[in-house]
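Take a look at the structure below.
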Amino acid sequence: MKNFGIVAVALFFVQCLADGNDPVTCGSSIKLLHDPSDHNLHSHAIAYGSGSGQHSVTAHGAKDDQQSLWIVKEGHGEDVCEVGTGVRCGDTIQLQHVATAKNLHSHHFKSPISNNQEVSGFGEDGRGDSGDNWEVLCSGKKNFWERGAKIQLKHSATGKFLHANSKMKFDTRNCGQQCPIMDQLEVCAVSPTKSPNTYWRTGQGVYFPPLTTTGHSVDDEL
């Protein structure tokens, strides 16, 4: 919890630096917003009651939600991505949940509401497997994943796209009277599509300045 508090304080001071056009960089802690609903990609130490039984991943509507920060890092089995390195379109990455240290993961279990492919939090202290790998697909002809730009995340192992839908919400009918994730949206993975529900964009976060070709951050050279 101490590390999370440090990240939260840093977020307060540097969220204004999350300007468009600059690339998303490895090591940064970001909020990922579902573009149509404006909900944050979210996780917590609450297990699915079906499917894999791993940590559930949802989309959360609260703007001040502190369980929606994810660390950008290289994909499982990929070369180490140095802190401050810009993520290129087409790169394979992992997203590690700050509060639980689980990785954004998918596999062939069914999601609880829509029966699409389940998305979960998996691994220990950021150590997972190839099911944690996601390919960054950018919109338009861009070289880098830009802050605030719409992207899709394609699950490398299954080819499915990260997806949420405002109509697929946890409520008393599908989750019970004491549902711990009431009113949050199901996050799942679906077959390749251009549906708006598969588009995401970065929000506030702790962004490391991009490195220049000399290996120094832009700030180092000002």
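Chain labels follow the order of the structure tokens: the first chain is A, the next B, and so on; residue numbering restarts at 1 in every chain, and ligands are counted from 1 in their shown order.
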Report as a tab-separated table: every residue of stretch 89-130 of chain A with an atom at most 12 Å from stretch 155-165 of chain A, its closest pair of atoms, and their distance in Å to one decimal, counting only C-alpha atoms, with rows sorted by chain and ascending residue number.
residue	atom	partner	partner_atom	distance
A:Gly90	CA	A:Ser156	CA	10.9
A:Asp91	CA	A:Ser156	CA	10.5
A:Thr92	CA	A:Ser156	CA	7.8
A:Ile93	CA	A:Ser156	CA	9.6
A:Gln94	CA	A:His155	CA	10.2
A:Leu95	CA	A:His155	CA	11.8
A:Leu104	CA	A:His155	CA	9.9
A:His105	CA	A:His155	CA	8.3
A:Ser106	CA	A:His155	CA	7.2
A:His107	CA	A:Thr158	CA	7.4
A:His108	CA	A:Thr158	CA	8.2
A:Phe109	CA	A:Thr158	CA	11.7
A:Ser111	CA	A:His163	CA	11.2
A:Ile113	CA	A:Asn165	CA	10.8
A:Ser114	CA	A:Asn165	CA	9.7
A:Asn116	CA	A:His163	CA	9.5
A:Gln117	CA	A:Lys160	CA	7.9
A:Glu118	CA	A:Leu162	CA	9.8
A:Val119	CA	A:Leu162	CA	8.1
A:Ser120	CA	A:Leu162	CA	11.2
A:Asp129	CA	A:Ala157	CA	10.3
A:Ser130	CA	A:Ala157	CA	6.9
Written file, previous selection with N, CA, C and O atoms, as a JSON list (two decimals), in the first residue's frame:
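Saved file out_1.json follows:
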[["chain", "number", "residue", "atom", "x", "y", "z"],
["A", 90, "GLY", "N", 2.07, -1.66, -32.86],
["A", 90, "GLY", "CA", 2.44, -3.03, -33.19],
["A", 90, "GLY", "C", 3.28, -3.72, -32.15],
["A", 90, "GLY", "O", 3.50, -4.94, -32.23],
["A", 91, "ASP", "N", 3.76, -2.98, -31.13],
["A", 91, "ASP", "CA", 4.54, -3.59, -30.06],
["A", 91, "ASP", "C", 3.66, -4.51, -29.22],
["A", 91, "ASP", "O", 2.45, -4.31, -29.08],
["A", 92, "THR", "N", 4.31, -5.50, -28.62],
["A", 92, "THR", "CA", 3.64, -6.38, -27.67],
["A", 92, "THR", "C", 4.00, -5.94, -26.26],
["A", 92, "THR", "O", 5.18, -5.81, -25.93],
["A", 93, "ILE", "N", 2.97, -5.70, -25.45],
["A", 93, "ILE", "CA", 3.19, -5.17, -24.11],
["A", 93, "ILE", "C", 2.43, -6.04, -23.09],
["A", 93, "ILE", "O", 1.63, -6.89, -23.43],
["A", 94, "GLN", "N", 2.76, -5.79, -21.81],
["A", 94, "GLN", "CA", 1.94, -6.24, -20.70],
["A", 94, "GLN", "C", 1.48, -5.01, -19.93],
["A", 94, "GLN", "O", 2.18, -3.99, -19.91],
["A", 95, "LEU", "N", 0.33, -5.12, -19.29],
["A", 95, "LEU", "CA", -0.16, -4.09, -18.39],
["A", 95, "LEU", "C", -0.28, -4.71, -17.00],
["A", 95, "LEU", "O", -1.06, -5.65, -16.80],
["A", 104, "LEU", "N", -2.81, -7.87, -16.82],
["A", 104, "LEU", "CA", -4.01, -8.01, -17.65],
["A", 104, "LEU", "C", -3.85, -9.27, -18.50],
["A", 104, "LEU", "O", -2.87, -9.40, -19.24],
["A", 105, "HIS", "N", -4.82, -10.16, -18.44],
["A", 105, "HIS", "CA", -4.66, -11.52, -18.96],
["A", 105, "HIS", "C", -5.95, -11.96, -19.66],
["A", 105, "HIS", "O", -7.04, -11.48, -19.34],
["A", 106, "SER", "N", -5.83, -12.87, -20.59],
["A", 106, "SER", "CA", -7.01, -13.50, -21.16],
["A", 106, "SER", "C", -6.70, -14.95, -21.52],
["A", 106, "SER", "O", -5.54, -15.36, -21.58],
["A", 107, "HIS", "N", -7.78, -15.72, -21.75],
["A", 107, "HIS", "CA", -7.68, -17.16, -21.99],
["A", 107, "HIS", "C", -9.06, -17.64, -22.46],
["A", 107, "HIS", "O", -9.96, -16.84, -22.67],
["A", 108, "HIS", "N", -9.24, -18.93, -22.58],
["A", 108, "HIS", "CA", -10.45, -19.46, -23.22],
["A", 108, "HIS", "C", -11.63, -19.69, -22.26],
["A", 108, "HIS", "O", -12.61, -20.31, -22.65],
["A", 109, "PHE", "N", -11.55, -19.21, -21.04],
["A", 109, "PHE", "CA", -12.72, -19.24, -20.17],
["A", 109, "PHE", "C", -13.76, -18.24, -20.68],
["A", 109, "PHE", "O", -13.42, -17.24, -21.33],
["A", 111, "SER", "N", -16.53, -15.24, -20.30],
["A", 111, "SER", "CA", -16.80, -14.09, -19.44],
["A", 111, "SER", "C", -18.17, -14.25, -18.79],
["A", 111, "SER", "O", -19.06, -14.91, -19.35],
["A", 113, "ILE", "N", -20.94, -12.39, -18.10],
["A", 113, "ILE", "CA", -22.21, -11.84, -18.57],
["A", 113, "ILE", "C", -22.45, -12.17, -20.04],
["A", 113, "ILE", "O", -23.48, -12.75, -20.40],
["A", 114, "SER", "N", -21.53, -11.82, -20.90],
["A", 114, "SER", "CA", -21.74, -11.94, -22.35],
["A", 114, "SER", "C", -21.31, -13.28, -22.91],
["A", 114, "SER", "O", -21.58, -13.58, -24.08],
["A", 116, "ASN", "N", -18.40, -14.03, -23.77],
["A", 116, "ASN", "CA", -17.25, -13.84, -24.64],
["A", 116, "ASN", "C", -16.02, -14.41, -23.91],
["A", 116, "ASN", "O", -16.15, -15.19, -22.98],
["A", 117, "GLN", "N", -14.83, -14.02, -24.32],
["A", 117, "GLN", "CA", -13.62, -14.55, -23.70],
["A", 117, "GLN", "C", -13.29, -13.74, -22.43],
["A", 117, "GLN", "O", -13.28, -12.51, -22.46],
["A", 118, "GLU", "N", -13.05, -14.46, -21.35],
["A", 118, "GLU", "CA", -12.78, -13.80, -20.07],
["A", 118, "GLU", "C", -11.48, -13.02, -20.08],
["A", 118, "GLU", "O", -10.48, -13.44, -20.67],
["A", 119, "VAL", "N", -11.46, -11.87, -19.42],
["A", 119, "VAL", "CA", -10.26, -11.09, -19.16],
["A", 119, "VAL", "C", -10.09, -11.03, -17.64],
["A", 119, "VAL", "O", -11.06, -10.75, -16.91],
["A", 120, "SER", "N", -8.89, -11.28, -17.17],
["A", 120, "SER", "CA", -8.67, -11.39, -15.73],
["A", 120, "SER", "C", -7.35, -10.74, -15.33],
["A", 120, "SER", "O", -6.58, -10.28, -16.17],
["A", 129, "ASP", "N", 2.56, -15.09, -17.81],
["A", 129, "ASP", "CA", 2.87, -15.95, -18.93],
["A", 129, "ASP", "C", 2.44, -15.28, -20.23],
["A", 129, "ASP", "O", 2.07, -14.09, -20.23],
["A", 130, "SER", "N", 2.50, -16.00, -21.33],
["A", 130, "SER", "CA", 2.20, -15.41, -22.64],
["A", 130, "SER", "C", 0.75, -14.96, -22.77],
["A", 130, "SER", "O", 0.42, -14.20, -23.67]]
Legend entry - Spatial neighbours of A:Ile46, max dist 8 Å, only C-alpha atoms, sep filter under 5 positions, as a list in words: His55, Ser56 and Pro180 of chain A
Legend entry - Spatial neighbours of A:Asn197, 12 Å, only C-alpha atoms, chain gap at least 2 places, as a ChimeraX atom specification: /A:33-39,59,150-153,161-168,185-195,199-201
Legend entry - Members of stretch 86-180 of chain A assigned helix (DSSP H, G or I) by DSSP, as a list in words: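 Put together, the selection reads Ser130, Gly131, Asp132, Thr172, Arg173, Asn174 and Cys175 of chain A.
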Inset, instruction - Give me, please, the distance in Å between atom CA of A:His42 and atom CA of A:Pro209, quoted to one decimal. - result: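 Interatomic distance, atom CA of A:His42 to atom CA of A:Pro209: 24.3 Å.
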Inset, instruction - Would you kindly return, as a list in words, each protein, DNA or RNA residue with an atom no farther than 6 Å from any atom of A:Ser29, considering only C-alpha atoms and excluding same-chain residues fewer than 4 positions away? - result: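 Neighbouring residues, sequence-local ones excluded: Leu69, Trp70, Ile71, Gly205 and Val206 of chain A.
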Legend entry - Residue with smallest distance to A:Asn115 - pool A:Asp64, A:Gly51, A:Gly176, A:Gly131, counting only C-alpha atoms: A:Gly51
Inset, instruction - Would you mind telling me which residue in A:Cys175, A:Val72, A:Pro210, A:Ile30 lies nearest to A:Asn133 when using only C-alpha atoms? - result: A:Val72
Would you kindly return, as an mmCIF file with N, CA and C atoms, in the first residue's frame, each protein, DNA or RNA residue with an atom no farther than 10 Å from any atom of A:His44, considering only C-alpha atoms and excluding same-chain residues fewer than 2 positions away?
data_model
loop_
_atom_site.group_PDB
_atom_site.id
_atom_site.type_symbol
_atom_site.label_atom_id
_atom_site.label_comp_id
_atom_site.auth_asym_id
_atom_site.auth_seq_id
_atom_site.Cartn_x
_atom_site.Cartn_y
_atom_site.Cartn_z
ATOM 1 N N HIS A 42 -10.157 -1.437 -14.881
ATOM 2 C CA HIS A 42 -10.077 -1.516 -13.422
ATOM 3 C C HIS A 42 -9.858 -2.960 -12.989
ATOM 4 N N ILE A 46 -10.761 -9.127 -6.106
ATOM 5 C CA ILE A 46 -12.073 -9.783 -6.080
ATOM 6 C C ILE A 46 -12.071 -10.817 -7.201
ATOM 7 N N ALA A 47 -12.223 -12.078 -6.830
ATOM 8 C CA ALA A 47 -12.143 -13.161 -7.816
ATOM 9 C C ALA A 47 -13.475 -13.336 -8.537
ATOM 10 N N HIS A 55 -8.513 -12.944 -10.482
ATOM 11 C CA HIS A 55 -8.983 -11.602 -10.177
ATOM 12 C C HIS A 55 -9.836 -11.065 -11.334
ATOM 13 N N SER A 56 -10.958 -10.463 -10.988
ATOM 14 C CA SER A 56 -11.829 -9.902 -12.016
ATOM 15 C C SER A 56 -11.267 -8.581 -12.532
ATOM 16 N N VAL A 57 -11.557 -8.307 -13.784
ATOM 17 C CA VAL A 57 -11.213 -7.036 -14.443
ATOM 18 C C VAL A 57 -12.510 -6.438 -14.965
ATOM 19 N N THR A 58 -12.741 -5.172 -14.661
ATOM 20 C CA THR A 58 -13.974 -4.508 -15.049
ATOM 21 C C THR A 58 -13.645 -3.132 -15.616
ATOM 22 N N GLN A 67 -8.007 2.242 -8.197
ATOM 23 C CA GLN A 67 -7.671 0.867 -8.558
ATOM 24 C C GLN A 67 -7.562 0.706 -10.076
ATOM 25 N N SER A 68 -7.314 1.802 -10.758
ATOM 26 C CA SER A 68 -7.321 1.769 -12.229
ATOM 27 C C SER A 68 -5.994 2.188 -12.846
ATOM 28 N N HIS A 97 -1.267 -4.354 -13.128
ATOM 29 C CA HIS A 97 -2.118 -3.579 -12.239
ATOM 30 C C HIS A 97 -1.313 -3.133 -11.017
ATOM 31 N N VAL A 98 -1.304 -1.832 -10.745
ATOM 32 C CA VAL A 98 -0.454 -1.289 -9.684
ATOM 33 C C VAL A 98 -0.845 -1.841 -8.317
ATOM 34 N N ALA A 99 -2.141 -1.856 -8.002
ATOM 35 C CA ALA A 99 -2.569 -2.206 -6.652
ATOM 36 C C ALA A 99 -2.419 -3.683 -6.319
ATOM 37 N N THR A 100 -2.590 -4.563 -7.298
ATOM 38 C CA THR A 100 -2.542 -6.004 -7.038
ATOM 39 C C THR A 100 -1.312 -6.702 -7.610
ATOM 40 N N ALA A 101 -0.580 -6.022 -8.482
ATOM 41 C CA ALA A 101 0.602 -6.578 -9.171
ATOM 42 C C ALA A 101 0.234 -7.743 -10.087
ATOM 43 N N LYS A 102 -1.050 -7.858 -10.468
ATOM 44 C CA LYS A 102 -1.478 -8.854 -11.450
ATOM 45 C C LYS A 102 -1.401 -8.252 -12.849
ATOM 46 N N GLY A 121 -7.095 -10.725 -14.023
ATOM 47 C CA GLY A 121 -5.800 -10.348 -13.481
ATOM 48 C C GLY A 121 -5.068 -11.612 -13.074
ATOM 49 N N ILE A 181 -19.040 -5.868 -7.217
ATOM 50 C CA ILE A 181 -18.657 -5.056 -8.389
ATOM 51 C C ILE A 181 -19.908 -4.457 -9.044
#
Legend entry - Pick from A:Val136, A:Cys89, A:Cys26, A:Ala149, whichever lies nearest to A:Gly203 using only C-alpha atoms: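 Under the stated criterion, the closest residue is A:Ala149.
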Inset, instruction - Looking only at strand (DSSP E or B) from DSSP on the backbone, list the matching residues of chain A as a ChimeraX atom specification. - result: /A:23,25,29-34,40-47,55-60,70-74,86,88,92-97,103-110,117-122,124,127,134-138,144,146,151-155,161-169,185-190,200-206,211,217
Legend entry - Atomic distance atom CA of A:Glu146 - atom CA of A:Leu211, expressed in Å with one decimal: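 Straight-line distance from atom CA of A:Glu146 to atom CA of A:Leu211 works out to 14.3 Å.
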